[in-house]
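Working notes for the structure below.
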Amino acid sequence: LSAYLLSLELDLELHMVVGRLFQNIETLEKLSRQHPSLHLHYNVSDMASLMKQCDYAVSAAGTTLYELCALGIPSSSISMADNQIPMAETFAQTDTVPYAGDIRVLKNEDMNEILCRISEHLISLLNNSSKRFGQHQKMRQLVDGNGAIKIAEELCKL
């Protein structure tokens, strides 16, 4: 994904969180050395601070999507496991976070489609600030960051 986004030659700083299970670290580090705009982050302990530095995110469709919504960071989602697909599809159906597809695909054509969906969404947001702000607002309306307070209030009512 990083190599593809870098190939678009957009004026972007890319931040990539590298998880402990990622297997091609040498390839990523080589790419990062070749492209100073690609920043690799390992063992991130304060994800919210890193997210706040970003104007756009591509994320697996796990609980990270809720964090991105709470911060209002326009995003696209991908799935990397079966249990992520329903969440990805729900966020997409609510027009909150578009779903690019399942990256476990085996065919290059399918991966190219996923990459095209991500880049089309990113470019559409880069070219349209009102669309970018619209996604930000939808995300913040879905997750306002006050979930713990709301749960506590409901528990107090019991």
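By convention here, the chains of the structure tokens are called A, B, ... in the order presented, each chain's residues are numbered starting at 1, and ligands are numbered starting at 1 in the order presented.
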> Which residues in chain A does DSSP call alpha helix (DSSP H)? List them as a PyMOL selection string.
Replying inline: chain A and resi 2-7+25-34+47-52+64-71+85-93+108-126+129-142+147-157
Could you save the residues just selected, with C-alpha atoms, as a PDB file, in the first residue's frame?
```pdb
ATOM      1  CA  SER A   2       2.762   2.453   0.922  1.00  0.00           C
ATOM      2  CA  ALA A   3       4.661   1.747  -2.292  1.00  0.00           C
ATOM      3  CA  TYR A   4       1.493   2.303  -4.299  1.00  0.00           C
ATOM      4  CA  LEU A   5       0.662   5.600  -2.577  1.00  0.00           C
ATOM      5  CA  LEU A   6       4.254   6.776  -3.036  1.00  0.00           C
ATOM      6  CA  SER A   7       4.039   5.903  -6.739  1.00  0.00           C
ATOM      7  CA  ILE A  25      10.047  -5.166   7.555  1.00  0.00           C
ATOM      8  CA  GLU A  26      13.272  -5.097   5.495  1.00  0.00           C
ATOM      9  CA  THR A  27      11.312  -4.161   2.368  1.00  0.00           C
ATOM     10  CA  LEU A  28       9.471  -1.401   4.219  1.00  0.00           C
ATOM     11  CA  GLU A  29      12.652  -0.017   5.730  1.00  0.00           C
ATOM     12  CA  LYS A  30      14.303   0.040   2.302  1.00  0.00           C
ATOM     13  CA  LEU A  31      11.281   1.873   0.895  1.00  0.00           C
ATOM     14  CA  SER A  32      11.441   4.321   3.792  1.00  0.00           C
ATOM     15  CA  ARG A  33      15.120   5.034   3.111  1.00  0.00           C
ATOM     16  CA  GLN A  34      14.294   5.711  -0.548  1.00  0.00           C
ATOM     17  CA  MET A  47      -1.952   5.954  18.850  1.00  0.00           C
ATOM     18  CA  ALA A  48      -4.254   8.960  19.333  1.00  0.00           C
ATOM     19  CA  SER A  49      -1.314  11.389  19.187  1.00  0.00           C
ATOM     20  CA  LEU A  50      -0.055   9.781  15.992  1.00  0.00           C
ATOM     21  CA  MET A  51      -3.540   9.834  14.470  1.00  0.00           C
ATOM     22  CA  LYS A  52      -3.927  13.533  15.281  1.00  0.00           C
ATOM     23  CA  THR A  64      -9.242   1.456  15.359  1.00  0.00           C
ATOM     24  CA  LEU A  65     -12.093   2.711  13.164  1.00  0.00           C
ATOM     25  CA  TYR A  66     -13.888   3.906  16.295  1.00  0.00           C
ATOM     26  CA  GLU A  67     -10.763   5.792  17.376  1.00  0.00           C
ATOM     27  CA  LEU A  68     -10.474   7.407  13.938  1.00  0.00           C
ATOM     28  CA  CYS A  69     -14.158   8.382  14.118  1.00  0.00           C
ATOM     29  CA  ALA A  70     -13.735   9.905  17.566  1.00  0.00           C
ATOM     30  CA  LEU A  71     -10.924  12.046  16.152  1.00  0.00           C
ATOM     31  CA  ILE A  85     -15.714  -7.619   7.243  1.00  0.00           C
ATOM     32  CA  PRO A  86     -19.081  -6.937   8.956  1.00  0.00           C
ATOM     33  CA  MET A  87     -17.693  -3.814  10.658  1.00  0.00           C
ATOM     34  CA  ALA A  88     -16.138  -2.585   7.413  1.00  0.00           C
ATOM     35  CA  GLU A  89     -19.395  -3.104   5.550  1.00  0.00           C
ATOM     36  CA  THR A  90     -21.446  -1.379   8.271  1.00  0.00           C
ATOM     37  CA  PHE A  91     -19.211   1.696   8.313  1.00  0.00           C
ATOM     38  CA  ALA A  92     -19.416   1.803   4.500  1.00  0.00           C
ATOM     39  CA  GLN A  93     -23.234   1.404   4.475  1.00  0.00           C
ATOM     40  CA  ASN A 108      -3.173  -9.044  -8.384  1.00  0.00           C
ATOM     41  CA  GLU A 109      -6.247  -7.618 -10.160  1.00  0.00           C
ATOM     42  CA  ASP A 110      -8.192  -7.694  -6.906  1.00  0.00           C
ATOM     43  CA  MET A 111      -5.375  -5.991  -4.999  1.00  0.00           C
ATOM     44  CA  ASN A 112      -5.164  -3.347  -7.729  1.00  0.00           C
ATOM     45  CA  GLU A 113      -8.896  -2.706  -7.298  1.00  0.00           C
ATOM     46  CA  ILE A 114      -8.438  -2.224  -3.558  1.00  0.00           C
ATOM     47  CA  LEU A 115      -5.535   0.150  -4.114  1.00  0.00           C
ATOM     48  CA  CYS A 116      -7.548   2.090  -6.702  1.00  0.00           C
ATOM     49  CA  ARG A 117     -10.488   2.463  -4.288  1.00  0.00           C
ATOM     50  CA  ILE A 118      -8.180   3.832  -1.599  1.00  0.00           C
ATOM     51  CA  SER A 119      -6.390   6.239  -3.923  1.00  0.00           C
ATOM     52  CA  GLU A 120      -9.643   7.437  -5.525  1.00  0.00           C
ATOM     53  CA  HIS A 121     -11.102   8.209  -2.105  1.00  0.00           C
ATOM     54  CA  LEU A 122      -7.929   9.933  -0.946  1.00  0.00           C
ATOM     55  CA  ILE A 123      -7.649  12.033  -4.111  1.00  0.00           C
ATOM     56  CA  SER A 124     -11.347  12.965  -3.975  1.00  0.00           C
ATOM     57  CA  LEU A 125     -10.809  14.273  -0.434  1.00  0.00           C
ATOM     58  CA  LEU A 126      -7.613  16.103  -1.381  1.00  0.00           C
ATOM     59  CA  SER A 129     -12.341  20.210   1.275  1.00  0.00           C
ATOM     60  CA  SER A 130     -16.117  20.202   1.809  1.00  0.00           C
ATOM     61  CA  LYS A 131     -16.220  16.445   1.123  1.00  0.00           C
ATOM     62  CA  ARG A 132     -13.323  15.976   3.553  1.00  0.00           C
ATOM     63  CA  PHE A 133     -15.135  18.020   6.206  1.00  0.00           C
ATOM     64  CA  GLY A 134     -18.346  16.094   5.502  1.00  0.00           C
ATOM     65  CA  GLN A 135     -16.659  12.777   6.239  1.00  0.00           C
ATOM     66  CA  HIS A 136     -15.109  14.302   9.358  1.00  0.00           C
ATOM     67  CA  GLN A 137     -18.568  15.373  10.598  1.00  0.00           C
ATOM     68  CA  LYS A 138     -20.194  11.986   9.862  1.00  0.00           C
ATOM     69  CA  MET A 139     -17.436  10.228  11.769  1.00  0.00           C
ATOM     70  CA  ARG A 140     -17.702  12.570  14.770  1.00  0.00           C
ATOM     71  CA  GLN A 141     -21.496  12.147  14.821  1.00  0.00           C
ATOM     72  CA  LEU A 142     -21.139   8.365  14.880  1.00  0.00           C
ATOM     73  CA  GLY A 147     -19.048   6.569  25.199  1.00  0.00           C
ATOM     74  CA  ALA A 148     -17.775   5.898  28.725  1.00  0.00           C
ATOM     75  CA  ILE A 149     -19.792   8.806  30.093  1.00  0.00           C
ATOM     76  CA  LYS A 150     -22.929   7.632  28.288  1.00  0.00           C
ATOM     77  CA  ILE A 151     -22.520   4.096  29.617  1.00  0.00           C
ATOM     78  CA  ALA A 152     -21.992   5.395  33.162  1.00  0.00           C
ATOM     79  CA  GLU A 153     -25.107   7.585  32.881  1.00  0.00           C
ATOM     80  CA  GLU A 154     -27.175   4.604  31.721  1.00  0.00           C
ATOM     81  CA  LEU A 155     -25.824   2.432  34.532  1.00  0.00           C
ATOM     82  CA  CYS A 156     -26.729   5.122  37.065  1.00  0.00           C
ATOM     83  CA  LYS A 157     -30.306   5.083  35.763  1.00  0.00           C
TER      84      LYS A 157
END
```
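Of the residues under consideration (A:Leu10, A:His15, A:Gly145, A:Ser77), A:Leu10 shows the shortest atom-to-atom contact distance to Asn127 of chain A when counting only C-alpha atoms.
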>> Given only C-alpha atoms as the basis, pick out the residue of A:Val44, A:Leu1, A:Met16, A:Leu158 nearest to Ile103 of chain A.
In response: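 That would be A:Leu1, the residue with the smallest distance to Ile103 of chain A.
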>> Please return, as an NGL selection string, all residues of chain A that DSSP assigns to strand (DSSP E or B) on the basis of the backbone.
In response: :A and (14-18 or 38-42 or 57-60 or 75-79 or 99-102)
>> One decimal, in Å: what's the spacing between atom CA of Ser37 of chain A and atom CA of Thr63 of chain A?
In response: 27.0 Å
Might you pull out every residue within 7 Å of Ala60 of chain A, with only C-alpha atoms counted and same-chain residues fewer than 5 positions away left off, and present them as a PDB file with C-alpha atoms, in the first residue's frame?
```pdb
ATOM      1  CA  SER A  77     -10.947   0.668   5.695  1.00  0.00           C
ATOM      2  CA  ILE A  78      -9.628  -2.718   4.656  1.00  0.00           C
ATOM      3  CA  SER A  79     -10.229  -6.120   6.164  1.00  0.00           C
ATOM      4  CA  MET A  80      -7.492  -8.509   7.167  1.00  0.00           C
TER       5      MET A  80
END
```
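Here atom CA of Ser76 of chain A and atom CA of Tyr99 of chain A stand 5.9 Å from one another.
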